[in-house]
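Enquirer: File entry13.cif follows (mmCIF, C-alpha atoms):
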data_my_file
#
loop_
_atom_site.group_PDB
_atom_site.id
_atom_site.type_symbol
_atom_site.label_atom_id
_atom_site.label_comp_id
_atom_site.auth_asym_id
_atom_site.auth_seq_id
_atom_site.Cartn_x
_atom_site.Cartn_y
_atom_site.Cartn_z
ATOM 1 C CA MET A 13 0.000 0.000 0.000
ATOM 2 C CA ASN A 14 0.975 3.656 -0.289
ATOM 3 C CA VAL A 15 1.712 5.278 3.074
ATOM 4 C CA ALA A 16 0.020 8.658 3.535
ATOM 5 C CA ARG A 17 2.575 11.468 3.526
ATOM 6 C CA PHE A 18 2.896 14.137 6.179
ATOM 7 C CA ASP A 19 1.696 17.541 4.979
ATOM 8 C CA PRO A 20 3.745 20.168 6.830
ATOM 9 C CA HIS A 21 1.591 22.997 5.499
ATOM 10 C CA SER A 22 -1.301 21.738 7.610
ATOM 11 C CA VAL A 23 0.760 22.126 10.768
ATOM 12 C CA PHE A 24 3.489 24.723 10.239
ATOM 13 C CA SER A 25 3.570 28.230 8.865
ATOM 14 C CA ALA A 26 5.424 28.958 5.651
ATOM 15 C CA ALA A 27 8.122 30.733 7.673
ATOM 16 C CA GLU A 28 8.590 27.713 9.941
ATOM 17 C CA ILE A 29 8.900 25.364 6.993
ATOM 18 C CA GLU A 30 11.410 27.651 5.369
ATOM 19 C CA SER A 31 13.451 27.860 8.581
ATOM 20 C CA VAL A 32 13.810 24.088 8.987
ATOM 21 C CA ARG A 33 14.550 23.403 5.330
ATOM 22 C CA ALA A 34 17.144 26.188 5.038
ATOM 23 C CA ARG A 35 20.442 24.848 3.684
ATOM 24 C CA SER A 36 23.805 26.387 4.453
ATOM 25 C CA ASP A 37 27.174 25.922 2.781
ATOM 26 C CA VAL A 38 28.842 27.140 5.970
ATOM 27 C CA ARG A 39 27.002 24.810 8.361
ATOM 28 C CA GLY A 40 27.362 21.860 6.021
ATOM 29 C CA MET A 41 31.091 22.418 5.549
ATOM 30 C CA LEU A 42 31.609 22.984 9.275
ATOM 31 C CA ALA A 43 30.058 19.579 9.954
ATOM 32 C CA VAL A 44 32.421 17.960 7.438
ATOM 33 C CA VAL A 45 35.450 19.781 8.858
ATOM 34 C CA HIS A 46 34.383 18.795 12.369
ATOM 35 C CA ALA A 47 34.254 15.099 11.434
ATOM 36 C CA TRP A 48 37.719 15.127 9.871
ATOM 37 C CA ALA A 49 39.171 17.306 12.648
ATOM 38 C CA VAL A 50 37.977 14.870 15.328
ATOM 39 C CA ILE A 51 39.546 11.988 13.368
ATOM 40 C CA GLY A 52 42.843 13.871 13.157
ATOM 41 C CA LEU A 53 42.787 14.849 16.834
ATOM 42 C CA ALA A 54 42.119 11.260 17.907
ATOM 43 C CA MET A 55 45.221 10.135 16.015
ATOM 44 C CA ALA A 56 47.224 13.027 17.421
ATOM 45 C CA ALA A 57 46.184 12.139 20.975
ATOM 46 C CA TYR A 58 47.581 8.631 20.536
ATOM 47 C CA ALA A 59 50.770 9.998 18.940
ATOM 48 C CA VAL A 60 51.359 12.227 21.984
ATOM 49 C CA TRP A 61 50.236 9.701 24.641
ATOM 50 C CA PRO A 62 50.719 6.225 23.128
ATOM 51 C CA ASN A 63 49.151 3.647 25.436
ATOM 52 C CA PRO A 64 46.382 1.027 25.265
ATOM 53 C CA LEU A 65 43.736 3.435 26.586
ATOM 54 C CA THR A 66 44.375 6.145 24.000
ATOM 55 C CA PHE A 67 44.584 3.465 21.300
ATOM 56 C CA VAL A 68 41.130 2.064 22.118
ATOM 57 C CA ALA A 69 39.728 5.575 22.532
ATOM 58 C CA ALA A 70 41.069 6.589 19.119
ATOM 59 C CA VAL A 71 39.567 3.511 17.430
ATOM 60 C CA VAL A 72 36.162 4.208 18.997
ATOM 61 C CA VAL A 73 36.188 7.946 18.275
ATOM 62 C CA ILE A 74 37.393 7.503 14.684
ATOM 63 C CA GLY A 75 34.894 4.723 14.010
ATOM 64 C CA SER A 76 32.154 7.028 15.264
ATOM 65 C CA ARG A 77 33.284 9.829 12.955
ATOM 66 C CA GLN A 78 33.461 7.394 10.035
ATOM 67 C CA LEU A 79 29.781 6.760 10.667
ATOM 68 C CA GLY A 80 29.475 10.545 10.874
ATOM 69 C CA LEU A 81 30.965 10.861 7.387
ATOM 70 C CA ALA A 82 28.388 8.352 6.126
ATOM 71 C CA ILE A 83 25.572 10.280 7.814
ATOM 72 C CA LEU A 84 26.688 13.548 6.252
ATOM 73 C CA MET A 85 26.961 11.749 2.906
ATOM 74 C CA HIS A 86 23.347 10.665 3.420
ATOM 75 C CA ASP A 87 22.370 14.323 3.711
ATOM 76 C CA ALA A 88 24.367 15.162 0.595
ATOM 77 C CA ALA A 89 22.576 12.311 -1.203
ATOM 78 C CA HIS A 90 19.318 14.071 -0.346
ATOM 79 C CA GLY A 91 20.845 17.251 -1.758
ATOM 80 C CA VAL A 92 20.465 19.134 1.518
ATOM 81 C CA LEU A 93 23.875 19.149 3.218
ATOM 82 C CA MET A 94 24.873 22.347 1.426
ATOM 83 C CA LYS A 95 23.028 25.043 -0.461
ATOM 84 C CA THR A 96 25.342 25.176 -3.485
ATOM 85 C CA ARG A 97 24.612 22.090 -5.588
ATOM 86 C CA TRP A 98 28.076 21.522 -7.074
ATOM 87 C CA LEU A 99 29.651 21.845 -3.617
ATOM 88 C CA ASN A 100 27.117 19.432 -2.133
ATOM 89 C CA GLU A 101 27.872 16.883 -4.876
ATOM 90 C CA CYS A 102 31.656 17.238 -4.787
ATOM 91 C CA VAL A 103 31.986 17.143 -0.999
ATOM 92 C CA GLY A 104 29.422 14.356 -0.759
ATOM 93 C CA GLN A 105 31.476 12.111 -3.018
ATOM 94 C CA TRP A 106 35.117 12.965 -2.374
ATOM 95 C CA LEU A 107 35.144 13.891 1.316
ATOM 96 C CA LEU A 108 32.287 11.730 2.602
ATOM 97 C CA ALA A 109 31.360 8.761 0.408
ATOM 98 C CA TYR A 110 34.659 7.664 -1.134
ATOM 99 C CA PRO A 111 36.646 7.741 2.139
ATOM 100 C CA THR A 112 34.148 5.290 3.669
ATOM 101 C CA MET A 113 34.128 3.114 0.507
ATOM 102 C CA GLY A 114 30.689 4.306 -0.568
ATOM 103 C CA ASP A 115 29.234 5.955 -3.659
ATOM 104 C CA MET A 116 26.765 8.768 -3.152
ATOM 105 C CA ILE A 117 25.060 8.550 -6.541
ATOM 106 C CA SER A 118 24.237 4.848 -6.380
ATOM 107 C CA TYR A 119 23.235 5.282 -2.728
ATOM 108 C CA ARG A 120 20.921 8.144 -3.684
ATOM 109 C CA HIS A 121 18.942 6.043 -6.178
ATOM 110 C CA TYR A 122 18.635 3.198 -3.698
ATOM 111 C CA HIS A 123 17.856 5.338 -0.681
ATOM 112 C CA LEU A 124 15.097 7.436 -2.225
ATOM 113 C CA VAL A 125 13.188 4.228 -2.942
ATOM 114 C CA HIS A 126 13.426 3.493 0.792
ATOM 115 C CA HIS A 127 11.794 6.843 1.510
ATOM 116 C CA ARG A 128 9.010 6.286 -0.995
ATOM 117 C CA ARG A 129 8.294 2.739 0.203
ATOM 118 C CA THR A 130 9.256 2.837 3.896
ATOM 119 C CA GLN A 131 8.550 -0.485 5.648
ATOM 120 C CA GLN A 132 6.539 -1.764 2.689
ATOM 121 C CA PRO A 133 7.227 -5.156 1.048
ATOM 122 C CA ASP A 134 9.305 -3.505 -1.701
ATOM 123 C CA ASP A 135 11.349 -1.294 0.656
ATOM 124 C CA PRO A 136 15.007 -2.096 -0.212
ATOM 125 C CA ASP A 137 15.918 -1.654 3.472
ATOM 126 C CA LEU A 138 13.185 -3.913 4.822
ATOM 127 C CA SER A 139 15.648 -6.751 5.448
ATOM 128 C CA LEU A 140 17.378 -4.578 8.048
ATOM 129 C CA SER A 141 14.271 -4.476 10.247
ATOM 130 C CA ALA A 142 12.061 -7.441 9.278
ATOM 131 C CA LYS A 143 13.982 -10.027 11.336
ATOM 132 C CA PHE A 144 13.373 -8.307 14.669
ATOM 133 C CA PRO A 145 12.877 -9.030 17.488
ATOM 134 C CA ILE A 146 15.875 -11.278 17.970
ATOM 135 C CA THR A 147 17.246 -12.901 21.100
ATOM 136 C CA ARG A 148 19.937 -11.292 23.199
ATOM 137 C CA THR A 149 22.188 -14.225 22.398
ATOM 138 C CA SER A 150 21.811 -13.582 18.682
ATOM 139 C CA PHE A 151 22.488 -9.883 19.162
ATOM 140 C CA ARG A 152 25.571 -10.637 21.251
ATOM 141 C CA ARG A 153 26.953 -12.899 18.517
ATOM 142 C CA LYS A 154 26.396 -10.195 15.923
ATOM 143 C CA MET A 155 28.140 -7.570 18.034
ATOM 144 C CA ILE A 156 31.112 -9.880 18.641
ATOM 145 C CA ARG A 157 31.464 -10.393 14.885
ATOM 146 C CA ASP A 158 31.228 -6.636 14.327
ATOM 147 C CA LEU A 159 33.716 -5.652 17.021
ATOM 148 C CA THR A 160 36.252 -8.307 16.019
ATOM 149 C CA GLY A 161 36.245 -7.168 12.394
ATOM 150 C CA GLN A 162 34.585 -10.261 10.941
ATOM 151 C CA THR A 163 31.566 -8.382 9.555
ATOM 152 C CA GLY A 164 33.637 -5.532 8.138
ATOM 153 C CA PHE A 165 36.208 -7.816 6.512
ATOM 154 C CA LYS A 166 33.457 -9.925 4.942
ATOM 155 C CA GLN A 167 31.726 -6.841 3.540
ATOM 156 C CA ARG A 168 34.909 -5.297 2.150
ATOM 157 C CA LYS A 169 35.973 -8.614 0.606
ATOM 158 C CA ALA A 170 32.594 -9.046 -1.096
ATOM 159 C CA GLN A 171 32.663 -5.435 -2.329
ATOM 160 C CA PHE A 172 36.128 -5.949 -3.833
ATOM 161 C CA GLN A 173 35.188 -9.225 -5.510
ATOM 162 C CA ARG A 174 32.018 -7.759 -7.030
ATOM 163 C CA SER A 175 34.032 -4.898 -8.461
ATOM 164 C CA LEU A 176 36.356 -7.227 -10.383
ATOM 165 C CA GLY A 177 33.658 -8.072 -12.919
ATOM 166 C CA LYS A 178 33.149 -11.461 -14.549
ATOM 167 C CA PRO A 179 36.195 -13.789 -14.574
ATOM 168 C CA GLY A 180 35.804 -14.543 -18.286
ATOM 169 C CA ASP A 181 35.773 -10.907 -19.407
ATOM 170 C CA PRO A 182 38.843 -9.322 -21.053
ATOM 171 C CA PHE A 183 41.315 -7.671 -18.687
ATOM 172 C CA ALA A 184 40.607 -4.190 -20.097
ATOM 173 C CA LYS A 185 36.893 -4.550 -19.417
ATOM 174 C CA ARG A 186 37.465 -5.883 -15.907
ATOM 175 C CA ALA A 187 39.871 -3.017 -15.171
ATOM 176 C CA LYS A 188 37.306 -0.489 -16.392
ATOM 177 C CA ASP A 189 34.572 -2.146 -14.363
ATOM 178 C CA PHE A 190 36.773 -2.025 -11.285
ATOM 179 C CA TRP A 191 37.513 1.682 -11.742
ATOM 180 C CA ASP A 192 33.878 2.530 -12.395
ATOM 181 C CA ARG A 193 32.632 0.583 -9.408
ATOM 182 C CA ILE A 194 35.249 1.184 -6.743
ATOM 183 C CA GLY A 195 38.378 2.738 -8.245
ATOM 184 C CA ARG A 196 37.778 6.232 -6.871
ATOM 185 C CA GLN A 197 37.194 4.822 -3.409
ATOM 186 C CA TYR A 198 40.572 3.085 -3.478
ATOM 187 C CA LEU A 199 42.205 6.224 -4.867
ATOM 188 C CA VAL A 200 40.978 8.138 -1.831
ATOM 189 C CA GLN A 201 42.310 5.377 0.457
ATOM 190 C CA LEU A 202 45.717 5.854 -1.160
ATOM 191 C CA ILE A 203 45.469 9.613 -0.598
ATOM 192 C CA ILE A 204 44.687 9.033 3.089
ATOM 193 C CA LEU A 205 47.656 6.644 3.317
ATOM 194 C CA ALA A 206 49.882 9.227 1.617
ATOM 195 C CA LEU A 207 48.824 11.914 4.098
ATOM 196 C CA MET A 208 49.629 9.671 7.053
ATOM 197 C CA THR A 209 52.948 8.770 5.459
ATOM 198 C CA ALA A 210 53.737 12.477 5.046
ATOM 199 C CA PHE A 211 53.319 12.811 8.838
ATOM 200 C CA GLY A 212 55.689 9.895 9.339
ATOM 201 C CA LYS A 213 52.905 7.534 10.434
ATOM 202 C CA PRO A 214 52.059 5.196 7.535
ATOM 203 C CA HIS A 215 51.098 2.451 9.997
ATOM 204 C CA TYR A 216 48.287 4.674 11.262
ATOM 205 C CA PHE A 217 46.380 3.832 8.074
ATOM 206 C CA LEU A 218 45.791 0.284 9.316
ATOM 207 C CA MET A 219 45.605 1.214 12.993
ATOM 208 C CA PHE A 220 43.373 4.255 12.789
ATOM 209 C CA TRP A 221 41.557 4.072 9.471
ATOM 210 C CA VAL A 222 41.042 0.459 8.422
ATOM 211 C CA LEU A 223 40.673 -0.986 11.935
ATOM 212 C CA PRO A 224 38.017 1.493 13.166
ATOM 213 C CA ASN A 225 36.157 1.085 9.877
ATOM 214 C CA ILE A 226 35.796 -2.682 10.175
ATOM 215 C CA THR A 227 35.181 -2.799 13.954
ATOM 216 C CA TRP A 228 33.500 0.014 15.895
ATOM 217 C CA HIS A 229 32.022 1.571 12.752
ATOM 218 C CA MET A 230 30.349 -1.754 11.904
ATOM 219 C CA ALA A 231 28.942 -2.172 15.411
ATOM 220 C CA ILE A 232 27.360 1.262 15.668
ATOM 221 C CA THR A 233 26.089 1.079 12.096
ATOM 222 C CA ARG A 234 24.188 -2.031 13.152
ATOM 223 C CA ILE A 235 22.804 -0.188 16.193
ATOM 224 C CA ARG A 236 21.823 2.731 13.966
ATOM 225 C CA ASN A 237 19.964 0.406 11.582
ATOM 226 C CA ILE A 238 18.133 -1.283 14.451
ATOM 227 C CA ALA A 239 17.134 2.030 15.998
ATOM 228 C CA GLU A 240 15.716 3.502 12.817
ATOM 229 C CA HIS A 241 13.093 0.911 11.842
ATOM 230 C CA ALA A 242 13.271 -2.323 13.845
ATOM 231 C CA MET A 243 10.153 -3.103 15.889
ATOM 232 C CA VAL A 244 8.315 0.062 14.829
ATOM 233 C CA PRO A 245 4.633 0.014 15.910
ATOM 234 C CA ASP A 246 2.952 0.561 12.528
ATOM 235 C CA ASN A 247 4.551 0.041 9.109
ATOM 236 C CA ASP A 248 1.757 2.016 7.442
ATOM 237 C CA ASP A 249 1.822 5.131 9.639
ATOM 238 C CA VAL A 250 4.363 7.789 8.670
ATOM 239 C CA PHE A 251 4.620 8.858 12.325
ATOM 240 C CA ARG A 252 5.288 5.304 13.514
ATOM 241 C CA ASN A 253 7.158 3.423 10.761
ATOM 242 C CA ALA A 254 10.445 5.065 11.741
ATOM 243 C CA ARG A 255 11.886 5.918 15.137
ATOM 244 C CA THR A 256 13.460 8.850 16.909
ATOM 245 C CA THR A 257 15.683 7.820 19.813
ATOM 246 C CA TYR A 258 16.798 10.374 22.366
ATOM 247 C CA ALA A 259 20.524 10.368 23.067
ATOM 248 C CA SER A 260 22.786 11.867 25.710
ATOM 249 C CA TRP A 261 25.836 13.876 24.690
ATOM 250 C CA TRP A 262 28.217 10.937 24.957
ATOM 251 C CA VAL A 263 25.916 8.645 22.962
ATOM 252 C CA ARG A 264 25.707 11.316 20.273
ATOM 253 C CA ALA A 265 29.498 11.502 20.304
ATOM 254 C CA LEU A 266 30.193 7.768 20.114
ATOM 255 C CA VAL A 267 27.103 6.098 18.624
ATOM 256 C CA ALA A 268 24.730 8.585 16.969
ATOM 257 C CA PRO A 269 26.633 11.526 15.453
ATOM 258 C CA TYR A 270 25.195 14.466 13.537
ATOM 259 C CA TRP A 271 21.589 14.154 14.721
ATOM 260 C CA VAL A 272 21.043 10.744 13.113
ATOM 261 C CA ASN A 273 18.850 9.788 16.075
ATOM 262 C CA TYR A 274 16.022 12.084 14.818
ATOM 263 C CA HIS A 275 14.928 9.527 12.272
ATOM 264 C CA VAL A 276 11.140 9.723 12.279
ATOM 265 C CA ASP A 277 11.558 13.494 11.943
ATOM 266 C CA HIS A 278 13.807 12.911 8.928
ATOM 267 C CA HIS A 279 11.204 10.657 7.319
ATOM 268 C CA LEU A 280 8.445 13.192 7.904
ATOM 269 C CA LEU A 281 10.418 15.901 6.061
ATOM 270 C CA PHE A 282 13.386 14.338 4.298
ATOM 271 C CA TYR A 283 14.427 17.659 2.744
ATOM 272 C CA VAL A 284 15.435 19.046 6.166
ATOM 273 C CA PRO A 285 19.243 19.143 6.695
ATOM 274 C CA CYS A 286 20.510 17.106 9.628
ATOM 275 C CA TYR A 287 21.607 20.243 11.474
ATOM 276 C CA ASN A 288 17.987 21.483 11.466
ATOM 277 C CA LEU A 289 16.427 18.248 12.739
ATOM 278 C CA PRO A 290 16.464 19.322 16.426
ATOM 279 C CA LYS A 291 14.546 22.456 15.421
ATOM 280 C CA LEU A 292 12.052 20.374 13.440
ATOM 281 C CA HIS A 293 11.631 17.995 16.371
ATOM 282 C CA ALA A 294 10.914 20.902 18.731
ATOM 283 C CA LEU A 295 8.291 22.258 16.321
ATOM 284 C CA LEU A 296 6.599 18.852 16.052
ATOM 285 C CA LEU A 297 6.433 18.577 19.842
ATOM 286 C CA ALA A 298 5.125 22.130 20.139
ATOM 287 C CA ARG A 299 2.272 21.215 17.780
ATOM 288 C CA GLY A 300 1.317 18.266 20.004
ATOM 289 C CA LEU A 301 2.509 15.600 17.562
ATOM 290 C CA GLY A 302 4.913 13.922 19.967
ATOM 291 C CA GLU A 303 2.242 11.456 21.120
ATOM 292 C CA LYS A 304 1.748 10.268 17.532
ATOM 293 C CA MET A 305 5.456 9.736 16.911
ATOM 294 C CA GLU A 306 7.489 6.610 17.656
ATOM 295 C CA ILE A 307 10.035 7.907 20.169
ATOM 296 C CA GLN A 308 12.236 5.903 22.526
ATOM 297 C CA PRO A 309 13.901 7.546 25.533
ATOM 298 C CA ASN A 310 17.365 6.113 24.875
ATOM 299 C CA TYR A 311 19.278 3.530 22.861
ATOM 300 C CA TRP A 312 19.345 1.034 25.723
ATOM 301 C CA THR A 313 15.545 0.907 25.863
ATOM 302 C CA MET A 314 15.387 0.600 22.092
ATOM 303 C CA LEU A 315 17.850 -2.332 22.100
ATOM 304 C CA LYS A 316 15.917 -4.118 24.850
ATOM 305 C CA LEU A 317 12.833 -3.893 22.646
ATOM 306 C CA ALA A 318 14.716 -5.177 19.586
ATOM 307 C CA THR A 319 16.218 -8.106 21.541
ATOM 308 C CA SER A 320 13.020 -9.127 23.327
ATOM 309 C CA LYS A 321 12.589 -12.487 21.585
ATOM 310 C CA PRO A 322 12.674 -15.232 24.240
ATOM 311 C CA GLU A 323 15.581 -17.639 24.250
ATOM 312 C CA LYS A 324 14.778 -21.236 23.348
ATOM 313 C CA SER A 325 14.804 -23.093 26.609
ATOM 314 C CA GLY A 326 17.308 -25.937 26.686
ATOM 315 C CA ALA A 327 18.267 -25.522 23.030
ATOM 316 C CA VAL A 328 21.729 -24.921 21.678
ATOM 317 C CA PRO A 329 21.665 -21.458 19.985
ATOM 318 C CA ALA A 330 21.781 -21.718 16.216
ATOM 319 C CA ALA A 331 24.170 -19.621 14.164
ATOM 320 C CA ALA A 332 22.776 -16.127 13.603
#
Show this structure as structure tokens.
Expert:
Amino acid sequence: MNVARFDPHSVFSAAEIESVRARSDVRGMLAVVHAWAVIGLAMAAYAVWPNPLTFVAAVVVIGSRQLGLAILMHDAAHGVLMKTRWLNECVGQWLLAYPTMGDMISYRHYHLVHHRRTQQPDDPDLSLSAKFPITRTSFRRKMIRDLTGQTGFKQRKAQFQRSLGKPGDPFAKRAKDFWDRIGRQYLVQLIILALMTAFGKPHYFLMFWVLPNITWHMAITRIRNIAEHAMVPDNDDVFRNARTTYASWWVRALVAPYWVNYHVDHHLLFYVPCYNLPKLHALLLARGLGEKMEIQPNYWTMLKLATSKPEKSGAVPAAA
């Protein structure tokens, strides 16, 4: 079925709508600079105070900002991160998507279908939420695989193999396919490696770029996916087929950067930049719409809901 869309004009004034949808080159670029600056500072902190604590802290902080880059790329894919279109497109690809091994254009085509068909049978993201609830044992296994790099390595390996094209094709065609599919992403990885080498720290590429990407980044991406649509109350209600999850400052810093937790708000008005989502949320609450919205008080409560499937008594847990 077609889910009824939210009409903001029936609730907000024209001035209010304009204020929340306002795009800014400055605010968008500041968010991008912030993400990269935090990554650089985390590496610098370990360089100055090298010990196990600063190493783990750097991996966690950098993995969180790598998710932040993906979130900002998501906004650029919607065309709302920055006001100037060419800047939005260039930054979205080269500073946000390619560093995290993504492609904004292909993501855009895929993701807009998700917005049109949210939680419907033909939603391309439905597989991320349909399997819930799961047991806590199953969730624990998944998190162990994420945090030990098994999930990330498997995904990167599959991405690389897909990009090689068909084994029987001529080398020139396979090389072109590889460049078209993932060549620019690997070029950016080489640029990042070159920058670290220029600072005399080439080993930081594996320690503080690859490792965070395939460990902490994978774990919190899973949590993000669960929070957004798993166990929503009504797949056919635009206020309740996505979820907003409130987050403390440290959860925003380490798990839910750049206002990604305001997800039902984003689905209601997907042309609102991420930096305006708190303002949109406040307006929705002021209009008395909070009771209609699917909102969880924190990520812990949300995860308890998503892992509420009872364990099989006396049974050996099957592989997740």
Enquirer: Select, from A:Val50, A:Ala89, A:Val222, A:Leu289, the residue with the minimum atom-to-atom distance to Tyr122 in chain A, counting only C-alpha atoms.
Expert: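 Selected residue with least distance to Tyr122 in chain A: A:Ala89.
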Enquirer: Fewer than 6 positions away in the same chain doesn't count, so skip those; otherwise give me all residues within 12 Å of range 101-111 of chain A, counting only C-alpha atoms, as number ranges by chain.
Expert: A: 37, 40-45, 47-48, 77-95, 117-120, 193-205, 221-222, 225
Enquirer: What does the structure give for the distance between CA of Thr163 in chain A and CA of Asp134 in chain A, in Å to one decimal?
Expert: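 Computing it gives 25.4 Å between the two atoms.
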Enquirer: Name the residues, using the chain letters and numbers of the file, that sit within 10 Å of (2.2, 7.7, 14.5) when counting all atoms listed in the file, and give them as a list in words.
Expert: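 Output of the proximity query reads Val244, Pro245, Asp246, Asn247, Asp248, Asp249, Val250, Phe251, Arg252, Asn253, Ala254, Arg255, Val276, Leu301, Gly302, Glu303, Lys304, Met305, Glu306 and Ile307 of chain A.
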Enquirer: Between CA of Ala56 in chain A and CA of Leu99 in chain A, what is the distance in Å, rounded to a tenth?
Expert: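 Computing the Euclidean distance for CA of Ala56 in chain A and CA of Leu99 in chain A yields 28.8 Å.
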Enquirer: Pick from A:Ala26, A:Val71, A:Ala34, A:Leu296: nearest to Gly52 in chain A, with all atoms listed in the file counted?
Expert: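 Of A:Ala26, A:Val71, A:Ala34, A:Leu296, the one nearest Gly52 in chain A is A:Val71, counting all atoms listed in the file.
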Enquirer: Between A:Arg236, A:His21, A:Tyr216, A:Gly177, which has the minimum distance to Ala54 in chain A (counting all atoms listed in the file)?
Expert: A:Tyr216
Enquirer: Which distance in Å separates CA of His127 in chain A and CA of Phe18 in chain A, to one decimal?
Expert: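 Interatomic distance here is 12.4 Å.
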Enquirer: Could you check which of A:Ala27, A:Gln173, A:Lys178, A:Ala59 is closest to Phe211 in chain A, using all atoms listed in the file?
Expert: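 Going through A:Ala27, A:Gln173, A:Lys178, A:Ala59 one by one, the smallest distance to Phe211 in chain A is for A:Ala59.
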Enquirer: Find the residues around Asp277 in chain A up to 8 Å (all atoms listed in the file counted), leave out those fewer than 4 positions away in its own chain, and share them as a ChimeraX atom specification.
Expert: /A:256,281-282,289,292-293
Enquirer: Using C-alpha atoms, can you export the residues from the last selection as a compact mmCIF listing (two decimals), in the coordinates of the input?
Expert:
# COMPACT_ATOMS: atom_id res chain seq x y z
CA THR A 256 13.46 8.85 16.91
CA LEU A 281 10.42 15.90 6.06
CA PHE A 282 13.39 14.34 4.30
CA LEU A 289 16.43 18.25 12.74
CA LEU A 292 12.05 20.37 13.44
CA HIS A 293 11.63 18.00 16.37
Enquirer: Find the residue from A:Pro285, A:Met208, A:His123, A:Arg234 that sits nearest to Asn100 in chain A; use only C-alpha atoms when measuring.
Expert: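 Nearest candidate to Asn100 in chain A out of A:Pro285, A:Met208, A:His123, A:Arg234: A:Pro285.
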Enquirer: Would you please work out which residue, of A:Ser31, A:Asp19, A:Leu315, A:Asp192, is nearest to Leu295 in chain A when using all atoms listed in the file?
Expert: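 Result for the nearest residue to Leu295 in chain A: A:Ser31.
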Enquirer: Using the atoms already present, construct N, CA and C atoms for range 30-41 of chain A and hand them back as a compact mmCIF listing (two decimals), in the frame of the given file.
Expert:
# COMPACT_ATOMS: atom_id res chain seq x y z
N GLU A 30 10.22 27.10 6.00
CA GLU A 30 11.41 27.65 5.37
C GLU A 30 12.60 27.61 6.33
N SER A 31 12.35 27.83 7.61
CA SER A 31 13.45 27.86 8.58
C SER A 31 14.07 26.48 8.77
N VAL A 32 13.25 25.42 8.75
CA VAL A 32 13.81 24.09 8.99
C VAL A 32 14.42 23.50 7.72
N ARG A 33 13.98 23.96 6.55
CA ARG A 33 14.55 23.40 5.33
C ARG A 33 15.72 24.24 4.79
N ALA A 34 16.07 25.31 5.49
CA ALA A 34 17.14 26.19 5.04
C ALA A 34 18.48 25.44 4.99
N ARG A 35 19.15 25.50 3.87
CA ARG A 35 20.44 24.85 3.68
C ARG A 35 21.56 25.88 3.77
N SER A 36 22.71 25.46 4.24
CA SER A 36 23.80 26.39 4.45
C SER A 36 25.12 25.74 4.04
N ASP A 37 25.84 26.41 3.14
CA ASP A 37 27.17 25.92 2.78
C ASP A 37 28.10 25.94 3.99
N VAL A 38 27.96 26.99 4.81
CA VAL A 38 28.84 27.14 5.97
C VAL A 38 28.59 26.04 7.00
N ARG A 39 27.31 25.82 7.35
CA ARG A 39 27.00 24.81 8.36
C ARG A 39 27.32 23.41 7.86
N GLY A 40 27.04 23.16 6.58
CA GLY A 40 27.36 21.86 6.02
C GLY A 40 28.86 21.60 6.03
N MET A 41 29.64 22.59 5.59
CA MET A 41 31.09 22.42 5.55
C MET A 41 31.68 22.33 6.95
